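> Structure file work.cif, mmCIF, C-alpha atoms, is pasted below:
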```cif
data_target
loop_
_atom_site.group_PDB
_atom_site.id
_atom_site.type_symbol
_atom_site.label_atom_id
_atom_site.label_comp_id
_atom_site.auth_asym_id
_atom_site.auth_seq_id
_atom_site.Cartn_x
_atom_site.Cartn_y
_atom_site.Cartn_z
ATOM 1 C CA MET A 54 -26.433 -1.973 5.058
ATOM 2 C CA LEU A 55 -27.110 -0.059 1.826
ATOM 3 C CA SER A 56 -25.374 -2.811 -0.108
ATOM 4 C CA LEU A 57 -26.688 -5.952 1.595
ATOM 5 C CA VAL A 58 -30.171 -4.959 2.789
ATOM 6 C CA ILE A 59 -31.485 -2.375 0.320
ATOM 7 C CA PRO A 60 -32.877 -4.018 -2.879
ATOM 8 C CA GLN A 61 -30.914 -3.518 -6.090
ATOM 9 C CA ASP A 62 -33.725 -1.609 -7.792
ATOM 10 C CA ASN A 63 -33.767 0.958 -4.955
ATOM 11 C CA GLN A 64 -31.994 4.272 -5.618
ATOM 12 C CA PHE A 65 -30.156 4.013 -2.280
ATOM 13 C CA HIS A 66 -28.663 0.617 -3.088
ATOM 14 C CA ILE A 67 -24.848 0.538 -3.288
ATOM 15 C CA SER A 68 -23.569 -1.897 -5.904
ATOM 16 C CA GLN A 69 -20.695 -4.314 -5.461
ATOM 17 C CA TYR A 70 -18.671 -2.138 -7.824
ATOM 18 C CA TRP A 71 -18.816 0.753 -5.376
ATOM 19 C CA VAL A 72 -18.123 -1.506 -2.411
ATOM 20 C CA THR A 73 -14.965 -2.735 -4.126
ATOM 21 C CA LEU A 74 -13.936 0.754 -5.266
ATOM 22 C CA ILE A 75 -14.367 2.338 -1.837
ATOM 23 C CA GLY A 76 -12.598 -0.627 -0.206
ATOM 24 C CA LYS A 77 -9.691 -0.199 -2.610
ATOM 25 C CA ILE A 78 -9.478 3.525 -1.922
ATOM 26 C CA MET A 79 -9.459 2.862 1.821
ATOM 27 C CA CYS A 80 -6.468 0.556 1.316
ATOM 28 C CA TYR A 81 -4.751 3.373 -0.553
ATOM 29 C CA ALA A 82 -5.628 5.757 2.282
ATOM 30 C CA ILE A 83 -3.819 3.471 4.741
ATOM 31 C CA VAL A 84 -0.752 3.636 2.485
ATOM 32 C CA ALA A 85 -1.083 7.419 2.327
ATOM 33 C CA ILE A 86 -0.983 7.627 6.134
ATOM 34 C CA ALA A 87 2.169 5.493 6.115
ATOM 35 C CA MET A 88 3.745 7.815 3.539
ATOM 36 C CA ASP A 89 2.729 10.891 5.535
ATOM 37 C CA LEU A 90 4.466 9.516 8.615
ATOM 38 C CA ILE A 91 7.768 9.086 6.800
ATOM 39 C CA TRP A 92 7.574 12.117 4.484
ATOM 40 C CA GLY A 93 5.186 14.611 6.038
ATOM 41 C CA TYR A 94 6.423 14.264 9.616
ATOM 42 C CA THR A 95 9.999 12.997 9.207
ATOM 43 C CA GLY A 96 10.944 14.678 5.945
ATOM 44 C CA ILE A 97 12.106 11.493 4.207
ATOM 45 C CA LEU A 98 10.687 11.113 0.705
ATOM 46 C CA SER A 99 10.531 7.405 -0.062
ATOM 47 C CA LEU A 100 9.686 6.375 -3.605
ATOM 48 C CA GLY A 101 9.625 2.684 -2.733
ATOM 49 C CA HIS A 102 6.450 2.352 -0.694
ATOM 50 C CA GLY A 103 4.703 0.699 -3.618
ATOM 51 C CA LEU A 104 7.111 -2.214 -3.104
ATOM 52 C CA PHE A 105 6.081 -2.706 0.530
ATOM 53 C CA PHE A 106 2.418 -2.528 -0.473
ATOM 54 C CA ALA A 107 2.960 -5.150 -3.182
ATOM 55 C CA LEU A 108 4.934 -7.475 -0.887
ATOM 56 C CA GLY A 109 2.064 -7.535 1.593
ATOM 57 C CA GLY A 110 -0.289 -8.233 -1.296
ATOM 58 C CA TYR A 111 1.868 -11.077 -2.577
ATOM 59 C CA ALA A 112 2.047 -12.655 0.882
ATOM 60 C CA MET A 113 -1.748 -12.684 1.073
ATOM 61 C CA GLY A 114 -2.002 -13.741 -2.580
ATOM 62 C CA MET A 115 0.106 -16.833 -1.917
ATOM 63 C CA TYR A 116 -2.355 -17.894 0.779
ATOM 64 C CA LEU A 117 -5.328 -17.255 -1.520
ATOM 65 C CA MET A 118 -3.699 -19.255 -4.313
ATOM 66 C CA ARG A 119 -3.208 -22.214 -1.989
ATOM 67 C CA GLN A 120 -6.874 -22.002 -1.000
ATOM 68 C CA ILE A 121 -7.906 -22.687 -4.606
ATOM 69 C CA GLY A 122 -6.747 -26.288 -4.190
ATOM 70 C CA ARG A 123 -7.960 -28.582 -6.973
ATOM 71 C CA GLU A 124 -10.567 -26.113 -8.206
ATOM 72 C CA GLY A 125 -8.045 -24.619 -10.612
ATOM 73 C CA GLN A 126 -7.952 -25.206 -14.350
ATOM 74 C CA TYR A 127 -5.472 -28.097 -14.060
ATOM 75 C CA GLN A 128 -7.081 -29.615 -10.929
ATOM 76 C CA SER A 129 -3.722 -29.834 -9.211
ATOM 77 C CA ASP A 130 -2.563 -29.065 -5.684
ATOM 78 C CA LEU A 131 -0.068 -26.680 -7.257
ATOM 79 C CA PRO A 132 -1.199 -23.238 -8.486
ATOM 80 C CA ASP A 133 -2.136 -23.254 -12.174
ATOM 81 C CA PHE A 134 0.831 -21.157 -13.285
ATOM 82 C CA MET A 135 3.227 -23.679 -11.716
ATOM 83 C CA VAL A 136 1.556 -26.557 -13.535
ATOM 84 C CA PHE A 137 1.741 -24.596 -16.791
ATOM 85 C CA LEU A 138 5.472 -24.012 -16.239
ATOM 86 C CA ASP A 139 5.965 -27.717 -15.410
ATOM 87 C CA TRP A 140 6.914 -27.195 -11.776
ATOM 88 C CA LYS A 141 6.850 -30.441 -9.799
ATOM 89 C CA GLU A 142 6.709 -29.046 -6.268
ATOM 90 C CA LEU A 143 6.226 -25.811 -4.381
ATOM 91 C CA PRO A 144 9.310 -23.567 -3.996
ATOM 92 C CA TRP A 145 10.701 -23.050 -0.499
ATOM 93 C CA ALA A 146 9.182 -19.550 -0.330
ATOM 94 C CA TRP A 147 5.711 -21.119 -0.445
ATOM 95 C CA TRP A 148 6.287 -23.234 2.655
ATOM 96 C CA ASN A 149 3.253 -23.251 4.968
ATOM 97 C CA THR A 150 1.455 -20.591 2.925
ATOM 98 C CA ASP A 151 -1.763 -22.622 3.100
ATOM 99 C CA GLN A 152 -2.029 -21.455 6.733
ATOM 100 C CA PHE A 153 -3.633 -18.054 7.268
ATOM 101 C CA TRP A 154 -1.605 -17.275 10.393
ATOM 102 C CA TRP A 155 1.630 -17.813 8.481
ATOM 103 C CA ALA A 156 0.459 -15.617 5.607
ATOM 104 C CA ALA A 157 -0.509 -12.884 8.101
ATOM 105 C CA LEU A 158 2.966 -13.174 9.629
ATOM 106 C CA LEU A 159 4.582 -12.818 6.204
ATOM 107 C CA VAL A 160 2.449 -9.737 5.504
ATOM 108 C CA VAL A 161 4.141 -8.009 8.447
ATOM 109 C CA LEU A 162 7.611 -9.579 8.417
ATOM 110 C CA VAL A 163 8.567 -9.416 4.740
ATOM 111 C CA PRO A 164 8.097 -5.662 4.168
ATOM 112 C CA GLY A 165 9.182 -4.918 7.732
ATOM 113 C CA LEU A 166 12.466 -6.823 7.524
ATOM 114 C CA LEU A 167 13.261 -5.449 4.083
ATOM 115 C CA ALA A 168 12.685 -1.891 5.317
ATOM 116 C CA LEU A 169 14.713 -2.574 8.463
ATOM 117 C CA VAL A 170 17.750 -3.909 6.607
ATOM 118 C CA PHE A 171 17.592 -1.408 3.756
ATOM 119 C CA GLY A 172 16.928 1.524 6.062
ATOM 120 C CA TYR A 173 19.715 0.555 8.444
ATOM 121 C CA PHE A 174 22.392 0.708 5.764
ATOM 122 C CA ALA A 175 20.895 3.793 4.086
ATOM 123 C CA PHE A 176 20.443 5.862 7.241
ATOM 124 C CA ARG A 177 23.721 4.742 8.784
ATOM 125 C CA SER A 178 25.466 5.876 5.598
ATOM 126 C CA ARG A 179 23.682 9.236 5.983
ATOM 127 C CA VAL A 180 21.893 8.917 2.665
ATOM 128 C CA LYS A 181 19.190 11.560 2.591
ATOM 129 C CA GLY A 182 17.241 13.891 0.360
ATOM 130 C CA VAL A 183 16.968 13.161 -3.343
ATOM 131 C CA TYR A 184 19.602 10.424 -3.087
ATOM 132 C CA PHE A 185 17.424 8.413 -0.715
ATOM 133 C CA SER A 186 14.450 8.884 -3.046
ATOM 134 C CA ILE A 187 16.487 7.597 -5.982
ATOM 135 C CA ILE A 188 17.762 4.460 -4.256
ATOM 136 C CA THR A 189 14.297 3.568 -2.941
ATOM 137 C CA GLN A 190 12.982 3.959 -6.474
ATOM 138 C CA ALA A 191 15.795 1.733 -7.744
ATOM 139 C CA LEU A 192 14.931 -0.849 -5.081
ATOM 140 C CA THR A 193 11.299 -1.134 -6.137
ATOM 141 C CA TYR A 194 12.268 -1.240 -9.815
ATOM 142 C CA ALA A 195 14.743 -4.074 -9.189
ATOM 143 C CA ALA A 196 12.101 -6.008 -7.251
ATOM 144 C CA MET A 197 9.601 -5.519 -10.073
ATOM 145 C CA LEU A 198 12.055 -6.988 -12.594
ATOM 146 C CA ILE A 199 12.649 -9.998 -10.325
ATOM 147 C CA PHE A 200 8.930 -10.670 -9.870
ATOM 148 C CA PHE A 201 8.323 -10.404 -13.612
ATOM 149 C CA ARG A 202 10.482 -13.509 -14.132
ATOM 150 C CA ASN A 203 8.631 -16.838 -14.253
ATOM 151 C CA ASN A 204 11.400 -18.809 -12.546
ATOM 152 C CA THR A 205 11.058 -16.876 -9.279
ATOM 153 C CA GLY A 206 7.819 -18.731 -8.507
ATOM 154 C CA PHE A 207 5.475 -15.753 -8.124
ATOM 155 C CA GLY A 208 3.388 -15.973 -11.285
ATOM 156 C CA GLY A 209 5.587 -13.849 -13.514
ATOM 157 C CA ASN A 210 3.840 -11.160 -15.538
ATOM 158 C CA ASN A 211 0.332 -12.406 -14.662
ATOM 159 C CA GLY A 212 0.880 -12.638 -10.916
ATOM 160 C CA PHE A 213 -1.912 -14.177 -8.822
ATOM 161 C CA THR A 214 -5.620 -14.113 -9.633
ATOM 162 C CA ASP A 215 -8.789 -16.241 -9.841
ATOM 163 C CA PHE A 216 -9.078 -16.551 -6.051
ATOM 164 C CA LYS A 217 -11.840 -18.777 -4.699
ATOM 165 C CA ARG A 218 -11.921 -18.638 -0.895
ATOM 166 C CA ILE A 219 -10.566 -16.843 2.141
ATOM 167 C CA LEU A 220 -10.780 -18.479 5.563
ATOM 168 C CA GLY A 221 -13.027 -21.100 3.987
ATOM 169 C CA LEU A 222 -15.553 -18.504 2.758
ATOM 170 C CA PRO A 223 -16.329 -17.908 -0.947
ATOM 171 C CA ILE A 224 -14.447 -14.723 -1.779
ATOM 172 C CA THR A 225 -16.896 -13.323 -4.350
ATOM 173 C CA THR A 226 -20.097 -13.346 -2.265
ATOM 174 C CA PRO A 227 -21.515 -9.971 -1.174
ATOM 175 C CA GLU A 228 -21.257 -11.016 2.484
ATOM 176 C CA THR A 229 -17.533 -11.815 2.221
ATOM 177 C CA ARG A 230 -16.837 -8.626 0.305
ATOM 178 C CA MET A 231 -18.638 -6.615 2.958
ATOM 179 C CA MET A 232 -16.624 -8.395 5.649
ATOM 180 C CA LEU A 233 -13.404 -7.374 3.896
ATOM 181 C CA PHE A 234 -14.768 -3.839 3.408
ATOM 182 C CA THR A 235 -15.574 -3.526 7.110
ATOM 183 C CA LEU A 236 -12.197 -4.945 8.149
ATOM 184 C CA THR A 237 -10.482 -2.414 5.880
ATOM 185 C CA ALA A 238 -12.505 0.434 7.390
ATOM 186 C CA PHE A 239 -11.578 -0.586 10.933
ATOM 187 C CA THR A 240 -7.929 -0.930 9.905
ATOM 188 C CA LEU A 241 -7.976 2.553 8.394
ATOM 189 C CA ILE A 242 -9.452 4.020 11.577
ATOM 190 C CA ALA A 243 -6.956 2.123 13.748
ATOM 191 C CA THR A 244 -4.058 3.279 11.564
ATOM 192 C CA LEU A 245 -5.205 6.888 11.780
ATOM 193 C CA LEU A 246 -5.545 6.698 15.577
ATOM 194 C CA LEU A 247 -2.132 5.050 15.935
ATOM 195 C CA ALA A 248 -0.513 7.649 13.696
ATOM 196 C CA ARG A 249 -2.241 10.503 15.551
ATOM 197 C CA TRP A 250 -1.039 9.136 18.880
ATOM 198 C CA MET A 251 2.501 8.771 17.563
ATOM 199 C CA VAL A 252 2.854 12.249 16.051
ATOM 200 C CA THR A 253 1.517 13.915 19.207
ATOM 201 C CA SER A 254 3.874 11.965 21.472
ATOM 202 C CA LYS A 255 7.494 12.764 22.308
ATOM 203 C CA PHE A 256 8.537 10.318 19.594
ATOM 204 C CA GLY A 257 6.514 12.255 17.035
ATOM 205 C CA ARG A 258 7.956 15.578 18.160
ATOM 206 C CA VAL A 259 11.466 14.204 17.676
ATOM 207 C CA LEU A 260 10.488 13.061 14.170
ATOM 208 C CA THR A 261 9.251 16.556 13.347
ATOM 209 C CA ALA A 262 12.464 18.019 14.738
ATOM 210 C CA ILE A 263 14.468 15.647 12.516
ATOM 211 C CA ARG A 264 12.488 16.904 9.540
ATOM 212 C CA ASP A 265 13.171 20.540 10.380
ATOM 213 C CA ALA A 266 16.758 20.385 11.700
ATOM 214 C CA GLU A 267 18.298 16.911 11.943
ATOM 215 C CA THR A 268 21.767 18.215 12.841
ATOM 216 C CA ARG A 269 20.434 20.100 15.848
ATOM 217 C CA VAL A 270 18.549 17.018 17.029
ATOM 218 C CA ALA A 271 21.771 14.988 16.845
ATOM 219 C CA PHE A 272 23.623 17.669 18.816
ATOM 220 C CA CYS A 273 20.940 17.386 21.506
ATOM 221 C CA GLY A 274 21.937 13.751 22.023
ATOM 222 C CA TYR A 275 19.284 11.900 20.009
ATOM 223 C CA ASN A 276 20.335 9.074 17.714
ATOM 224 C CA THR A 277 18.455 10.149 14.595
ATOM 225 C CA VAL A 278 19.282 6.905 12.780
ATOM 226 C CA HIS A 279 17.220 4.908 15.281
ATOM 227 C CA TYR A 280 14.234 7.238 14.992
ATOM 228 C CA LYS A 281 14.276 7.270 11.204
ATOM 229 C CA LEU A 282 14.732 3.500 11.053
ATOM 230 C CA ALA A 283 11.830 2.908 13.438
ATOM 231 C CA ILE A 284 9.359 5.087 11.518
ATOM 232 C CA PHE A 285 10.544 3.765 8.142
ATOM 233 C CA THR A 286 10.024 0.152 9.255
ATOM 234 C CA LEU A 287 6.628 0.888 10.793
ATOM 235 C CA SER A 288 5.585 2.711 7.638
ATOM 236 C CA ALA A 289 6.576 -0.315 5.522
ATOM 237 C CA VAL A 290 4.594 -2.682 7.779
ATOM 238 C CA ILE A 291 1.486 -0.493 7.468
ATOM 239 C CA CYS A 292 1.851 -0.583 3.678
ATOM 240 C CA GLY A 293 2.143 -4.385 3.778
ATOM 241 C CA ILE A 294 -1.082 -4.670 5.791
ATOM 242 C CA ALA A 295 -2.829 -2.397 3.293
ATOM 243 C CA GLY A 296 -1.616 -4.595 0.439
ATOM 244 C CA ALA A 297 -2.944 -7.707 2.182
ATOM 245 C CA LEU A 298 -6.390 -6.101 2.485
ATOM 246 C CA TYR A 299 -6.254 -4.863 -1.103
ATOM 247 C CA VAL A 300 -5.647 -8.180 -2.877
ATOM 248 C CA PRO A 301 -8.750 -10.185 -1.816
ATOM 249 C CA GLN A 302 -10.995 -7.206 -2.628
ATOM 250 C CA VAL A 303 -9.523 -6.425 -6.043
ATOM 251 C CA GLY A 304 -8.877 -10.069 -6.928
ATOM 252 C CA ILE A 305 -5.418 -9.756 -8.463
ATOM 253 C CA ILE A 306 -1.801 -8.929 -7.620
ATOM 254 C CA ASN A 307 1.002 -8.698 -10.169
ATOM 255 C CA PRO A 308 4.425 -7.021 -10.493
ATOM 256 C CA SER A 309 2.904 -3.848 -11.957
ATOM 257 C CA GLU A 310 2.010 -2.879 -8.373
ATOM 258 C CA MET A 311 5.767 -2.495 -7.819
ATOM 259 C CA SER A 312 6.108 -0.014 -10.638
ATOM 260 C CA PRO A 313 8.072 3.115 -9.596
ATOM 261 C CA ALA A 314 5.193 5.153 -11.029
ATOM 262 C CA ASN A 315 2.904 3.707 -8.333
ATOM 263 C CA SER A 316 5.262 4.853 -5.580
ATOM 264 C CA ILE A 317 5.431 8.323 -7.108
ATOM 265 C CA GLU A 318 1.633 8.376 -7.197
ATOM 266 C CA ILE A 319 1.549 7.595 -3.466
ATOM 267 C CA ALA A 320 3.654 10.686 -2.824
ATOM 268 C CA ILE A 321 1.254 12.725 -4.971
ATOM 269 C CA TRP A 322 -1.683 11.595 -2.802
ATOM 270 C CA VAL A 323 0.015 13.032 0.263
ATOM 271 C CA ALA A 324 1.041 16.219 -1.554
ATOM 272 C CA VAL A 325 -2.510 16.794 -2.790
ATOM 273 C CA GLY A 326 -4.075 16.215 0.617
ATOM 274 C CA GLY A 327 -1.426 18.059 2.599
ATOM 275 C CA ARG A 328 1.815 16.832 4.120
ATOM 276 C CA GLY A 329 1.950 16.449 7.873
ATOM 277 C CA THR A 330 -1.814 16.349 8.417
ATOM 278 C CA LEU A 331 -2.776 12.609 8.348
ATOM 279 C CA THR A 332 -6.402 13.402 7.485
ATOM 280 C CA GLY A 333 -5.061 15.259 4.464
ATOM 281 C CA ALA A 334 -3.278 12.092 3.357
ATOM 282 C CA ILE A 335 -6.580 10.196 3.498
ATOM 283 C CA LEU A 336 -8.361 12.989 1.619
ATOM 284 C CA GLY A 337 -5.635 13.115 -1.044
ATOM 285 C CA ALA A 338 -5.755 9.374 -1.590
ATOM 286 C CA GLY A 339 -9.526 9.513 -1.981
ATOM 287 C CA LEU A 340 -9.569 12.482 -4.361
ATOM 288 C CA VAL A 341 -6.765 11.286 -6.628
ATOM 289 C CA ASN A 342 -8.005 7.707 -6.848
ATOM 290 C CA TYR A 343 -11.593 8.758 -7.476
ATOM 291 C CA ALA A 344 -10.287 10.948 -10.293
ATOM 292 C CA LYS A 345 -8.206 8.023 -11.536
ATOM 293 C CA SER A 346 -11.272 5.762 -11.558
ATOM 294 C CA PHE A 347 -13.189 8.362 -13.565
ATOM 295 C CA PHE A 348 -10.418 9.055 -16.081
ATOM 296 C CA THR A 349 -9.489 5.397 -16.648
ATOM 297 C CA GLN A 350 -13.100 4.712 -17.602
ATOM 298 C CA ALA A 351 -13.937 7.862 -19.550
ATOM 299 C CA PHE A 352 -10.549 8.992 -20.915
ATOM 300 C CA PRO A 353 -7.991 6.243 -20.151
ATOM 301 C CA GLU A 354 -5.311 7.686 -22.427
ATOM 302 C CA TYR A 355 -5.350 11.051 -20.601
ATOM 303 C CA TRP A 356 -4.977 9.905 -16.984
ATOM 304 C CA LEU A 357 -1.217 10.366 -16.738
ATOM 305 C CA TYR A 358 -1.532 13.854 -18.204
ATOM 306 C CA ALA A 359 -4.243 14.662 -15.667
ATOM 307 C CA LEU A 360 -2.111 13.291 -12.831
ATOM 308 C CA GLY A 361 0.849 15.411 -13.919
ATOM 309 C CA LEU A 362 -1.368 18.485 -14.155
ATOM 310 C CA ILE A 363 -2.761 17.846 -10.667
ATOM 311 C CA PHE A 364 0.759 17.607 -9.241
ATOM 312 C CA ILE A 365 1.889 20.822 -10.977
ATOM 313 C CA LEU A 366 -1.178 22.790 -9.852
ATOM 314 C CA VAL A 367 -0.838 21.593 -6.259
ATOM 315 C CA THR A 368 2.869 22.417 -6.202
ATOM 316 C CA LEU A 369 2.319 25.922 -7.575
ATOM 317 C CA PHE A 370 -0.909 26.997 -5.917
ATOM 318 C CA LEU A 371 -1.496 24.602 -2.978
ATOM 319 C CA PRO A 372 1.889 23.886 -1.395
ATOM 320 C CA GLN A 373 0.090 22.787 1.794
ATOM 321 C CA GLY A 374 -2.451 20.717 -0.120
ATOM 322 C CA VAL A 375 -6.208 20.703 0.128
ATOM 323 C CA MET A 376 -6.083 20.707 3.938
ATOM 324 C CA GLY A 377 -4.016 23.887 3.853
ATOM 325 C CA LEU A 378 -6.668 25.517 1.676
ATOM 326 C CA LEU A 379 -9.441 24.418 4.043
ATOM 327 C CA LYS A 380 -7.539 25.806 7.047
ATOM 328 C CA LYS A 381 -7.197 29.178 5.328
ATOM 329 C CA LYS A 382 -10.943 29.339 4.715
ATOM 330 C CA THR A 383 -11.685 28.576 8.363
#
```
Output the file's structure in the form of structure tokens.


Amino acid sequence: MLSLVIPQDNQFHISQYWVTLIGKIMCYAIVAIAMDLIWGYTGILSLGHGLFFALGGYAMGMYLMRQIGREGQYQSDLPDFMVFLDWKELPWAWWNTDQFWWAALLVVLVPGLLALVFGYFAFRSRVKGVYFSIITQALTYAAMLIFFRNNTGFGGNNGFTDFKRILGLPITTPETRMMLFTLTAFTLIATLLLARWMVTSKFGRVLTAIRDAETRVAFCGYNTVHYKLAIFTLSAVICGIAGALYVPQVGIINPSEMSPANSIEIAIWVAVGGRGTLTGAILGAGLVNYAKSFFTQAFPEYWLYALGLIFILVTLFLPQGVMGLLKKKT
């Protein structure tokens, strides 16, 4: 209401910049909840969640690119980057991507299936601890290198951008942006409620027990591989949904989203907010990304130093994150 109804010259008006920024941070908060489920409650530190986020974004980006149609620079049915590279037809991976329902299915299936297959072999082989973190980081780095190549059919270094429409609506109008903002807010609330229900259920208690003493849980007759695989796959799907909401609001998706540094940053969000708290994950994502927005505008060359300092200070003085500090005060 403050964005659409209040006049721009009014002090209470919220600009489109803030609508986009808050929408982006809410997408990150959804990812933070997914990371908290796998790390905060199950004790599995994944440094590959940026990959699942990017895959969901690419699935939605493919749909948005097909919606451009002949409004692109080359006025072709093919995306502009394919025309530039002299492609004659769409690759098989782009089949049916002009249909929203298919793109929505890819948003869930692609990260979910990758997490299912990868997690099955990793957990069955009893890979855990720092070794699991390393191989998930290697996975996202390998995917980033693949997507950087032009011949894979995903836009290479530039990725996807210059979107025109979503569901037939102009994507840059304030009304459409507010629709995406509202959808993201509802998704964040739904994700939080789902996660809260899960961690307070018997399933969630088993996950916490796996985090604290996996061997004892196995001796009690629980198949820990199945529990870890289920939460890892669900976490990946949540990240994919967040990526799909992120792309139409930000207007671009490229392989840099798969950078291992992005996945490490996701873990920092959860550490700052407080592992195993859910609301702390949301708070951490908001605080770190607001700081990132400030630093990248005012002091862009110092952001990584600031991020490293934040992580060190939290590790030394706030091992339970900001939520732990708030609980002590209350």

> Would you mind telling me which residue in A:Tyr299, A:Tyr358, A:Phe207, A:Tyr343 lies nearest to Cys80 of chain A when using all atoms listed in the file?

A:Tyr299

> Under the rule that only C-alpha atoms are counted, which of A:Gly114, A:Pro313, A:Gly257, A:Pro301 is the nearest residue to Leu236 of chain A?

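Closest candidate: A:Pro301.
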
> Hey, what comes out of the PyMOL selection byres ((chain A and resi 124-138) around 12) on this file? Could you write it as number ranges by chain?

A: 114-123, 139-144, 147, 150-151, 202-218

> Those residues with C-alpha atoms, as a PDB file, in the coordinates of the input please?


```
ATOM      1  CA  GLY A 114      -2.002 -13.741  -2.580  1.00  0.00           C
ATOM      2  CA  MET A 115       0.106 -16.833  -1.917  1.00  0.00           C
ATOM      3  CA  TYR A 116      -2.355 -17.894   0.779  1.00  0.00           C
ATOM      4  CA  LEU A 117      -5.328 -17.255  -1.520  1.00  0.00           C
ATOM      5  CA  MET A 118      -3.699 -19.255  -4.313  1.00  0.00           C
ATOM      6  CA  ARG A 119      -3.208 -22.214  -1.989  1.00  0.00           C
ATOM      7  CA  GLN A 120      -6.874 -22.002  -1.000  1.00  0.00           C
ATOM      8  CA  ILE A 121      -7.906 -22.687  -4.606  1.00  0.00           C
ATOM      9  CA  GLY A 122      -6.747 -26.288  -4.190  1.00  0.00           C
ATOM     10  CA  ARG A 123      -7.960 -28.582  -6.973  1.00  0.00           C
ATOM     11  CA  ASP A 139       5.965 -27.717 -15.410  1.00  0.00           C
ATOM     12  CA  TRP A 140       6.914 -27.195 -11.776  1.00  0.00           C
ATOM     13  CA  LYS A 141       6.850 -30.441  -9.799  1.00  0.00           C
ATOM     14  CA  GLU A 142       6.709 -29.046  -6.268  1.00  0.00           C
ATOM     15  CA  LEU A 143       6.226 -25.811  -4.381  1.00  0.00           C
ATOM     16  CA  PRO A 144       9.310 -23.567  -3.996  1.00  0.00           C
ATOM     17  CA  TRP A 147       5.711 -21.119  -0.445  1.00  0.00           C
ATOM     18  CA  THR A 150       1.455 -20.591   2.925  1.00  0.00           C
ATOM     19  CA  ASP A 151      -1.763 -22.622   3.100  1.00  0.00           C
ATOM     20  CA  ARG A 202      10.482 -13.509 -14.132  1.00  0.00           C
ATOM     21  CA  ASN A 203       8.631 -16.838 -14.253  1.00  0.00           C
ATOM     22  CA  ASN A 204      11.400 -18.809 -12.546  1.00  0.00           C
ATOM     23  CA  THR A 205      11.058 -16.876  -9.279  1.00  0.00           C
ATOM     24  CA  GLY A 206       7.819 -18.731  -8.507  1.00  0.00           C
ATOM     25  CA  PHE A 207       5.475 -15.753  -8.124  1.00  0.00           C
ATOM     26  CA  GLY A 208       3.388 -15.973 -11.285  1.00  0.00           C
ATOM     27  CA  GLY A 209       5.587 -13.849 -13.514  1.00  0.00           C
ATOM     28  CA  ASN A 210       3.840 -11.160 -15.538  1.00  0.00           C
ATOM     29  CA  ASN A 211       0.332 -12.406 -14.662  1.00  0.00           C
ATOM     30  CA  GLY A 212       0.880 -12.638 -10.916  1.00  0.00           C
ATOM     31  CA  PHE A 213      -1.912 -14.177  -8.822  1.00  0.00           C
ATOM     32  CA  THR A 214      -5.620 -14.113  -9.633  1.00  0.00           C
ATOM     33  CA  ASP A 215      -8.789 -16.241  -9.841  1.00  0.00           C
ATOM     34  CA  PHE A 216      -9.078 -16.551  -6.051  1.00  0.00           C
ATOM     35  CA  LYS A 217     -11.840 -18.777  -4.699  1.00  0.00           C
ATOM     36  CA  ARG A 218     -11.921 -18.638  -0.895  1.00  0.00           C
TER      37      ARG A 218
END
```

> Figure out the distance between atom CA of Thr349 of chain A and atom CA of Leu100 of chain A, please, to one decimal in Å.

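Here the two named atoms are 23.2 Å from each other.
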
> Determine the residue set returned by the PyMOL selection byres ((chain A and resi 263-265) around 12) for the present structure, and present it as a PyMOL selection string.

chain A and resi 90-98+181-182+256-262+266-273+275-281+284+328-329

> Just to confirm, what's the straight-line distance from atom CA of Ile86 of chain A to atom CA of Ala295 of chain A in Å (one decimal)?

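So the two atoms, atom CA of Ile86 of chain A and atom CA of Ala295 of chain A, lie 10.6 Å apart.
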
> Taking the file above as input, evaluate the PyMOL selection byres ((chain A and resi 74-76) around 8) and report the hits as an NGL selection string.

:A and (70-73 or 77-80 or 233-234 or 237-238 or 299 or 302)

> Suppose you want the space between atom CA of Thr286 of chain A and atom CA of Ala175 of chain A; what is it in Å?

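Value for the atom CA of Thr286 of chain A-atom CA of Ala175 of chain A distance: 12.6 Å.
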
> Using only C-alpha atoms, which of the listed residues (A:Leu331, A:Leu362, A:Leu298, A:Ala87) sits closest to Thr253 of chain A?

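Among the listed residues, the smallest separation from Thr253 of chain A belongs to A:Leu331.
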
> Using all atoms listed in the file, determine which residues lie at most 7 Å from Gly103 of chain A, disregarding the query and same-chain residues fewer than 3 positions distant; provide the list as a PDB file with C-alpha atoms, keeping the file's coordinate frame.


```
ATOM      1  CA  PHE A 106       2.418  -2.528  -0.473  1.00  0.00           C
ATOM      2  CA  ALA A 107       2.960  -5.150  -3.182  1.00  0.00           C
ATOM      3  CA  GLU A 310       2.010  -2.879  -8.373  1.00  0.00           C
ATOM      4  CA  MET A 311       5.767  -2.495  -7.819  1.00  0.00           C
ATOM      5  CA  ASN A 315       2.904   3.707  -8.333  1.00  0.00           C
ATOM      6  CA  SER A 316       5.262   4.853  -5.580  1.00  0.00           C
TER       7      SER A 316
END
```
